[in-house]
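Engineer: Mind looking over this structure? Questions follow.
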Amino acid sequence: MTAPRLVVSGLSVSIGSAELLRGLDFVIEPGERLGLIGGSGSGKTLTALAIAGLLPEHARVGGSVQLHFDDGSRRELVGLDERGLAELRGDRIGMVFQEPKAALNPLRRLGRQMTESLALHYSLTRHQRRDAALRLAARVGLSDPERMIRAYPHEVSGGQRQRAAIAAAISANPGLLLADEPTTALDVTVQRGVLQLFREITDTDECSMLFITHDLAVMAEVADRVLVLDEGRIVEQGDIASILGSPRHRVTRALIEAASSVPGSEAHRG
Amino acid sequence: MSAAPILPPPLDAARRPVRSSGRRAFAVLARSPRGAYALIVLGLLLAVCLLSFAWLPADPNNGSAYDAWLPPSPEHWLGTDGSGRDLAARLIAGSRVTVLVVLGAALVSGAVGLLLAVPAALGPRWARETLAILIDVLIAFPTLLLAIMLAAVFGGGLAIVIVAVGIGYGVSIGRVVRAELRQVATEDYVLAARAAGLGRGAILRTHLLPGIAPVFTVQLSLSMGLAILAEAGLTYLGFGAPIGVPSWGRMLEESQAFIAVHPVVVLWPGLAITLTVLAFYLLGDALRDAMDPTLRSGRRADGGAR
Amino acid sequence: MAEAPLVSAAALTKRYRVPPTRLFQRASTTTALDGVDLVVQRGESVAVVGESGSGKSTLLRLLLGLSRATSGGVEFDGQPVDPSRDELLWLRRRSGIVFQDPYSSFDPRRTVGQTVAEPLVAIGSPGDRRAAVAAMLKRLELPTNAADRYPHEFSGGQRQRIALARALVHRPELLLADEPVSALDVLVRGRLLDLLAELRRELGLTLVTVTHDLGIVPRIAERVIVMRAGRAVETGTTEQIFGAPREAYTRELIAALPRLP
C-alpha cells in the first residue's frame with residue numbers, strides 16, 4: 001500500500017498572542033524523506049505536533065494538513081476531533097521522539113509496547129502478537145530479539161530503547177513517520193546505526209518520513225529534501241544537494257557553518 | 001540532557017518589573033479562589049481571637065439556669081447552652097484555644113519534622129538508615145494513643161494535646177520533607193554550590209531549606225488543620241481542654257448528648273471547626289502553587305530526564 | 001626542565017557499590033573509572049572525549065574533589081586533592097566548573113545575580129561583589145538587568161553564559177566544563193565556544209572540557225584523551241587524533257561523526 005501524500009497549506013499555530021508558526025506550505029510525497037531544520041524556537045517540533053494533532057489545548061491552529069490517499073480519498077487533520085486523530089495515530093502516522101522515555105512506559109515490557117499500536121488497530125491473538133514483536137525487533141536491528149521483547153526499558157541501552165521506540169512507531173505500518181530529533185540524545189556510534197535504520201524503513205514507497213533535527217550533518221545522512229525554518233516560517237527549501245551547495249538564506253548558511261567544524265568533512269574550514 | 005522547552009521564553013521578560021518572591025507568592029495566593037477563602041477565614045479567626053481579649057458579648061463561663069437553651073435573640077446572638085451560657089461568647093472565647101493549639105502544633109510539628117528530616121536525608125549512612133526505620137515506626141503509632149499515654153502520665157490539658165499532635169504530625173512531616181530534601185540535594189545547582197566552595201551549613205541555608213519550603217509549608221498547614229480536629233477529639237474524650245476553659249471541642253462534647261433535642265447548639269461549634277479546618281487544607285493546596293517561582297513569570301523548561 | 005603540571009591524576013579509580021536487588025543477593029560493584037592517568041599543563045586546553053558510560057563525568061568530579069576516589073590520587077599544583085581530608089577551599093578559589101544542563105544547574109529560587117555571586121560568597125572574597133558580577137555578566141554579553149532576573153527567564157544559550165559567569169567570576173586558574181554545549185541549539189554553540197576561547201586567552205585559563213561530541217574538539221582543545229568504559233584509550237594532540245588515530249575505537253568514533261557530503 002503506497003504511503004499517502006501529505007499536503008500542508010497555510011499551517012499556522014498561535015498560543016496566546018504569540019504567532020509560533022506562520023503559514024507553512026509544503027508537501028511530502030509518498031516514500032520521500034523530508035527534513036525540517038532550524039534553530040531552537042524556530043517551530044520545528046511544533047510543526048510535527050500540529051500534524052499529529054498533539055498541540056496543547058490552548059493552541060489555535062489555522063490552515064490545512066491533508067493526507068491524500070492513492071484511492072483518491074482525502075483526510076483533513078486540522079480540526080479533526082480526538083477520536084479521528086486517535087484512529088490515525090499509530091495506524092497511519094507514527095511518531096518517534098528525542099527521548100525514548102517519552103514513548104516507553106518503564107513499567108511494561110518492550111515487546112508489548114512495540115506491538116501496542118498494532119494491537120490497538122487490529123485484533124491479534126497472543127501468538128500473533130508475540131510473532132509480530134519478534135519480527136519487529138529483528139526489523140529494527142535489536143540483537144537477541146527473544147530477550148529484548150521480554151526486557152523492560154531500563155534494562156537495555158539508550159540506543160536499544162530508541163530502536164524499540166522506532167519499532168513501536170512503525171509496528172502498524174504507518175504511511176508517515178514523524179521523527180523529532182530521534183538521534184540527538186544518542187552516542188555518535190549508536191546514532192549511525194539508527195540513521196541507517198531510518199533509511200531502510202523509508203526506502204520503499206510505503207513509508208514517508210518527516211525528520212526533524214538541528215544538525216545539518218545528520219540531516220545530510222537522511223533527508224532527500226530539506227525545509228529550513230526560522231521564526232515559524234520556511235525561509236528556504238530544496239533538495240539536500242542544492243541547500244548545501246548554494247545556500248541562500250543566512251540561517252541556512254549559519255547551519256552549514258555550524259556543521260562544518262568536523263575535520264575530514266569537505267566543507268571543513270580549519 | 002533535559003528537553004529544551006517547545007515554547008520560547010516570554011518576549012517581555014526584560015520589561016516586567018521584578019518583585020520579591022514572597023510578595024509575588026502572596027499576590028498569587030490572594031487571587032486564587034481557594035487562597036482567598038483561606039486567607040479570609042483564617043484572618044477572621046485571628047481577628048476574633050484578638051478581639052476576645054478586649055471584649056466578649058457576655059460571660060462565656062457563667063450562666064443562669066433560667067437562661068438555658070434559649071434561641072438566638074438580640075441578647076444572645078446564637079442562643080444559650082444547657083447551662084445558660086451565651087453561645088456566641090463561648091464560640092468567640094473558644095477561638096483562643098483554637099489559635100493556641102494551631103500555633104503550638106505548628107511549632108512542635110515543624111520542629112520535630114525538620115529535626116528528623118535533615119539528618120535522615122543528609123547525615124552519615126548509619127544515621128540515615130536508623131532514622132528511616134524510626135520514622136516509619138513512629139508513623140504507625142496512632143496520635144490519639146500517644147495523647148492518652150501522655151495524659152495518663154502527665155495529666156490532661158492543652159499542653160498534652162499540643163505535644164502529642166506535634167510529635168504525631170511532626171513525624172509525618174519528617175517523612176515527606178526527608179524525601180524532598182534528598183531530591184533537592186541531587187540537583188545540579190547544589191553540586192555547583194559545592195564546587196564553588198560553599199560549606200554544608202551554607203548550602204543547607206541557601207539552597208536546601210528554601211528548596212523544601214513549599215512542601216514544608218503545605219504539610220505544616222495541613223497539620224494545623226488536623227490539630228484542630230485532634231483537639232476537638234481529645235477534649236471530647238476528656239484529655240484536652242480542662243472543663244473550665246471554653247473551646248470548640250468542649251462545646252461539641254457538652255452539646256452532643258442533647259443533639260436530638262437541641263440540634264442547633266451543636267451546629268455552631270461544628271461549623272466553626274469545619275470551616276476553619278477546610279481553610280487550612282485549602283491554604284496548603286493554594287500555597288503549593290503560589291510558591292513555585294517558575295509557574296508565573298515565565299514558562300519553565302520541561303525539566304526532563306537526562 | 002619541564003614545568004610542573006597544574007593538574008595531575010595517577011591511577012585514578014572509582015568504584016560504586018550497587019545495592020542488591022534481591023533479598024539474598026550480594027552487593028556488587030561497578031567500576032566507573034579504572035586506573036586513569038591524566039596530566040594537564042598550565043594554560044593548556046584538554047578535551048576528554050567519551051560516550052555514555054565512559055567515566056568522563058566521574059573523572060571531572062574526582063579532579064575537583066567533589067567525589068572521593070576509590071584509589072589513586074589527584075594533585076592540583078602539587079597539592080593533593082582529597083575531599084576526605086580537608087574542605088578544599090583553596091582549590092575552590094582557583095577552579096570553576098560549568099555543567100551540561102542549563103535548565104537544572106541554577107537554583108530556581110535565586111536570582112541570576114545571587115547565583116553568579118555564589119563563588120565569591122563561598123570563598124569570602126572582599127570587595128564589591130555586585131560590581132564583579134555586573135562586570136562578568138557584561139563581558140558575557142548578557143543584558144544589564146540580568147542580575148535581578150531569574151534563570152528561567154532566559155534562553156538556553158544565555159543560561160550557559162550565566163553558568164560561565166558563575167564559573168569565572170572569582171578569576172580561577174582552572175575551568176572544567178562538562179558538556180558545555182551539548183544541550184544547546186547548534187546555531188548557538190559556535191558563539192559559546194568562541195566566548196570560551198576568548199575568555200581563556202583573556203584570563204589565562206587552563207581548560208579541561210568533557211564531551212561526547214568529537215566535533216567540537218578542534219574548536220576548543222589542543223590535546224585529546226579518548227575514554228571508553230572507564231579507561232583512557234588514546235591520548236594525543238588534536239591533529240594526531242584526527243589525522244592519525246591509532247586505536248580502533250578512536251577511528252570508529254571519528255568515522256561515526258556525521259559529515260556534510
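All residue names refer to the C-alpha cells as shown: chains lettered A, B, ... in order, residues numbered from 1 in each chain, ligands numbered from 1 in order.
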Would you mind listing what lies within 12 Å of Leu56 of chain B as a list of chain:residue names, with only C-alpha atoms counted and same-chain residues fewer than 2 positions away left out?

Structural biologist: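 Within the cut-off, the hits are B:Val48, B:Cys49, B:Leu50, B:Leu51, B:Ser52, B:Phe53, B:Ala54, B:Ala58, B:Asp59, B:Pro60, B:Asn61, B:His76, B:Trp77, B:Asp86, B:Leu87, B:Ala88, B:Ala89, B:Arg90, B:Leu91, B:Ile92, B:Ala93, B:Gly94, B:Ser95.
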
Engineer: Extract, using only C-alpha atoms, all DNA, RNA and protein residues at most 8 Å from segment 185-198 of chain A, discarding same-chain residues fewer than 3 positions from it, and format them as a short mmCIF file (atom, residue, chain, number, x, y, z; two decimals) with N, CA and C atoms, in the first residue's frame.

Structural biologist:
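result.cif, written as the output of this step:
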data_model
loop_
_atom_site.label_atom_id
_atom_site.label_comp_id
_atom_site.auth_asym_id
_atom_site.auth_seq_id
_atom_site.Cartn_x
_atom_site.Cartn_y
_atom_site.Cartn_z
N GLN A 98 12.61 12.51 20.79
CA GLN A 98 14.02 12.59 21.11
C GLN A 98 14.38 11.66 22.26
N GLU A 99 13.59 11.71 23.30
CA GLU A 99 13.85 10.86 24.45
C GLU A 99 12.93 9.64 24.36
N VAL A 140 14.15 -3.85 13.42
CA VAL A 140 14.86 -2.64 13.86
C VAL A 140 16.26 -2.94 14.37
N GLY A 141 16.71 -4.15 14.13
CA GLY A 141 18.10 -4.45 14.43
C GLY A 141 18.38 -4.67 15.90
N GLY A 158 20.47 2.95 25.75
CA GLY A 158 19.74 4.06 25.13
C GLY A 158 19.45 3.81 23.67
N GLY A 159 20.43 3.29 22.97
CA GLY A 159 20.24 3.02 21.54
C GLY A 159 19.18 1.95 21.33
N ARG A 163 15.58 2.21 19.40
CA ARG A 163 15.16 1.26 18.37
C ARG A 163 13.79 0.67 18.71
N PRO A 182 15.35 12.32 16.73
CA PRO A 182 15.38 10.97 17.27
C PRO A 182 16.76 10.49 17.67
N ILE A 201 13.92 1.78 6.57
CA ILE A 201 12.47 1.73 6.74
C ILE A 201 11.76 2.51 5.65
N THR A 202 12.35 3.64 5.26
CA THR A 202 11.65 4.52 4.32
C THR A 202 12.11 4.32 2.89
N GLU A 221 22.60 12.95 6.09
CA GLU A 221 22.66 11.50 6.01
C GLU A 221 21.30 10.88 5.80
N VAL A 222 20.25 11.64 5.97
CA VAL A 222 18.92 11.03 5.96
C VAL A 222 17.98 11.63 4.93
N MET B 1 20.47 14.74 28.98
CA MET B 1 20.17 16.12 28.55
C MET B 1 18.68 16.35 28.67
N GLU C 51 31.90 8.32 25.14
CA GLU C 51 30.45 8.15 25.02
C GLU C 51 29.86 7.90 26.40
N SER C 52 28.57 7.60 26.47
CA SER C 52 27.98 7.42 27.79
C SER C 52 28.58 6.18 28.43
N HIS C 212 30.99 14.36 24.65
CA HIS C 212 30.80 13.15 23.87
C HIS C 212 30.89 13.48 22.37
N ASP C 213 30.97 14.77 22.08
CA ASP C 213 30.93 15.23 20.70
C ASP C 213 32.33 15.57 20.21
N GLU C 252 36.74 4.50 15.06
CA GLU C 252 35.29 4.29 14.99
C GLU C 252 34.53 5.56 15.35
N LEU C 253 34.99 6.24 16.40
CA LEU C 253 34.35 7.49 16.82
C LEU C 253 34.42 8.53 15.71
N ALA C 256 32.17 7.71 12.80
CA ALA C 256 30.73 7.81 13.07
C ALA C 256 30.23 9.24 13.07
N LEU C 257 31.13 10.20 13.05
CA LEU C 257 30.70 11.59 13.06
C LEU C 257 29.95 11.90 11.78
N PRO C 258 28.73 12.44 11.90
CA PRO C 258 28.01 12.79 10.69
C PRO C 258 28.71 13.97 10.00
#

Engineer: Residues of chain A were defined as contacting chain B if any atom lay at most 12 Å from it, counting only C-alpha atoms; please report them as an MDAnalysis selection string.

Structural biologist: chainID A and resid 13:21 39:49 55:56 59 97:102 158 180:181 184:186 231:232

Engineer: List every residue of segment 168-244 of chain C that DSSP, applied to the backbone of this structure, places in strand (DSSP E or B), and write the result as a list in words.

Structural biologist: Leu174, Leu175, Leu176, Ala177, Asp178, Thr206, Leu207, Val208, Thr209, Val210, Thr211, Arg223, Val224, Ile225, Val226, Met227, Arg228, Arg231, Ala232, Val233, Glu234, Thr235, Gly236 and Thr237 of chain C

Engineer: Take the selection from the previous step and output its residues with N, CA and C atoms, as a JSON list (two decimals), in the first residue's frame.

Structural biologist:
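So part_27.json came out as:
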[["chain", "number", "residue", "atom", "x", "y", "z"],
["C", 174, "LEU", "N", 41.75, 27.41, 36.76],
["C", 174, "LEU", "CA", 41.34, 26.21, 36.05],
["C", 174, "LEU", "C", 39.84, 26.24, 35.81],
["C", 175, "LEU", "N", 39.42, 25.94, 34.59],
["C", 175, "LEU", "CA", 37.99, 25.83, 34.29],
["C", 175, "LEU", "C", 37.70, 24.44, 33.78],
["C", 176, "LEU", "N", 36.75, 23.79, 34.42],
["C", 176, "LEU", "CA", 36.30, 22.49, 33.95],
["C", 176, "LEU", "C", 34.92, 22.65, 33.33],
["C", 177, "ALA", "N", 34.71, 22.06, 32.18],
["C", 177, "ALA", "CA", 33.41, 22.18, 31.50],
["C", 177, "ALA", "C", 32.88, 20.79, 31.19],
["C", 178, "ASP", "N", 31.70, 20.51, 31.72],
["C", 178, "ASP", "CA", 31.08, 19.21, 31.50],
["C", 178, "ASP", "C", 30.03, 19.34, 30.40],
["C", 206, "THR", "N", 43.42, 27.51, 32.29],
["C", 206, "THR", "CA", 43.66, 26.14, 31.89],
["C", 206, "THR", "C", 42.29, 25.50, 31.76],
["C", 207, "LEU", "N", 42.06, 24.80, 30.67],
["C", 207, "LEU", "CA", 40.70, 24.34, 30.38],
["C", 207, "LEU", "C", 40.66, 22.83, 30.22],
["C", 208, "VAL", "N", 39.75, 22.20, 30.90],
["C", 208, "VAL", "CA", 39.50, 20.77, 30.69],
["C", 208, "VAL", "C", 38.04, 20.62, 30.31],
["C", 209, "THR", "N", 37.80, 20.14, 29.11],
["C", 209, "THR", "CA", 36.43, 20.00, 28.62],
["C", 209, "THR", "C", 36.08, 18.53, 28.47],
["C", 210, "VAL", "N", 34.94, 18.17, 29.00],
["C", 210, "VAL", "CA", 34.45, 16.80, 28.85],
["C", 210, "VAL", "C", 33.33, 16.83, 27.83],
["C", 211, "THR", "N", 33.38, 15.95, 26.84],
["C", 211, "THR", "CA", 32.32, 15.97, 25.84],
["C", 211, "THR", "C", 32.17, 14.62, 25.18],
["C", 223, "ARG", "N", 44.72, 19.23, 23.07],
["C", 223, "ARG", "CA", 45.03, 17.83, 23.36],
["C", 223, "ARG", "C", 43.75, 17.08, 23.65],
["C", 224, "VAL", "N", 43.75, 15.79, 23.31],
["C", 224, "VAL", "CA", 42.54, 14.99, 23.44],
["C", 224, "VAL", "C", 42.85, 13.71, 24.20],
["C", 225, "ILE", "N", 41.95, 13.32, 25.09],
["C", 225, "ILE", "CA", 42.02, 11.99, 25.71],
["C", 225, "ILE", "C", 40.73, 11.27, 25.38],
["C", 226, "VAL", "N", 40.85, 10.11, 24.78],
["C", 226, "VAL", "CA", 39.67, 9.35, 24.41],
["C", 226, "VAL", "C", 39.41, 8.29, 25.48],
["C", 227, "MET", "N", 38.19, 8.28, 26.03],
["C", 227, "MET", "CA", 37.90, 7.33, 27.10],
["C", 227, "MET", "C", 36.82, 6.35, 26.69],
["C", 228, "ARG", "N", 36.95, 5.17, 27.23],
["C", 228, "ARG", "CA", 35.92, 4.16, 26.98],
["C", 228, "ARG", "C", 35.84, 3.23, 28.16],
["C", 231, "ARG", "N", 38.36, 3.63, 30.99],
["C", 231, "ARG", "CA", 39.81, 3.65, 30.73],
["C", 231, "ARG", "C", 40.13, 4.70, 29.68],
["C", 232, "ALA", "N", 41.38, 5.18, 29.75],
["C", 232, "ALA", "CA", 41.85, 6.09, 28.72],
["C", 232, "ALA", "C", 42.38, 5.24, 27.58],
["C", 233, "VAL", "N", 41.76, 5.38, 26.43],
["C", 233, "VAL", "CA", 42.08, 4.51, 25.30],
["C", 233, "VAL", "C", 43.23, 5.08, 24.46],
["C", 234, "GLU", "N", 43.18, 6.39, 24.29],
["C", 234, "GLU", "CA", 44.24, 7.01, 23.47],
["C", 234, "GLU", "C", 44.36, 8.47, 23.88],
["C", 235, "THR", "N", 45.56, 9.00, 23.86],
["C", 235, "THR", "CA", 45.73, 10.44, 24.06],
["C", 235, "THR", "C", 46.66, 10.98, 22.99],
["C", 236, "GLY", "N", 46.52, 12.26, 22.69],
["C", 236, "GLY", "CA", 47.39, 12.87, 21.69],
["C", 236, "GLY", "C", 46.95, 14.27, 21.43],
["C", 237, "THR", "N", 47.65, 14.96, 20.55],
["C", 237, "THR", "CA", 47.21, 16.30, 20.18],
["C", 237, "THR", "C", 46.00, 16.16, 19.26]]

Engineer: Taking the DSSP secondary structure from the backbone, can you list the residues of segment 134-264 of chain B that are helix (DSSP H, G or I), as a PyMOL selection string?

Structural biologist: chain B and resi 134-139+143-154+158-185+188-196+200-237+248-256+263-264

Engineer: Between atom CA of Pro210 of chain B and atom CA of Arg85 of chain C, measure the distance and give it in Å to one decimal.

Structural biologist: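 Atom-to-atom, atom CA of Pro210 of chain B to atom CA of Arg85 of chain C, that is 29.4 Å.
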
Engineer: Between atom CA of Pro30 of chain A and atom CA of Ala3 of chain A, measure the distance and give it in Å to one decimal.

Structural biologist: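 About the pair atom CA of Pro30 of chain A and atom CA of Ala3 of chain A: they are 4.9 Å apart.
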
Engineer: Up to 6 Å from chain C, what residues of chain B turn up? Count only C-alpha atoms and give them as a short mmCIF file (atom, residue, chain, number, x, y, z; two decimals) with C-alpha atoms, in the first residue's frame.

Structural biologist:
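out04.cif, freshly written:
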data_model
loop_
_atom_site.label_atom_id
_atom_site.label_comp_id
_atom_site.auth_asym_id
_atom_site.auth_seq_id
_atom_site.Cartn_x
_atom_site.Cartn_y
_atom_site.Cartn_z
CA ASP B 188 22.92 20.23 39.73
CA TYR B 189 22.86 23.61 41.38
CA ALA B 196 32.06 27.00 44.35
CA GLY B 197 33.23 26.16 47.85
CA LEU B 198 30.05 26.67 49.84
#

Engineer: So, counting only C-alpha atoms, which residue among C:Arg246, C:Arg200, C:Arg251, C:Arg219 is closest to chain A?

Structural biologist: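 Distance minimum relative to chain A lands on C:Arg219.
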
Engineer: Please provide as a PyMOL selection string all residues within 9 Å of segment 257-266 of chain B, with the sequence filter that same-chain residues fewer than 3 positions apart are discarded (counting only C-alpha atoms).

Structural biologist: chain B and resi 69+78-82+87+251-254+269-271

Engineer: Nearest residue to chain C out of A:Ala132, A:Ile37, A:Leu124, A:Cys207, using only C-alpha atoms?

Structural biologist: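 Smallest distance to chain C is found for A:Ile37.
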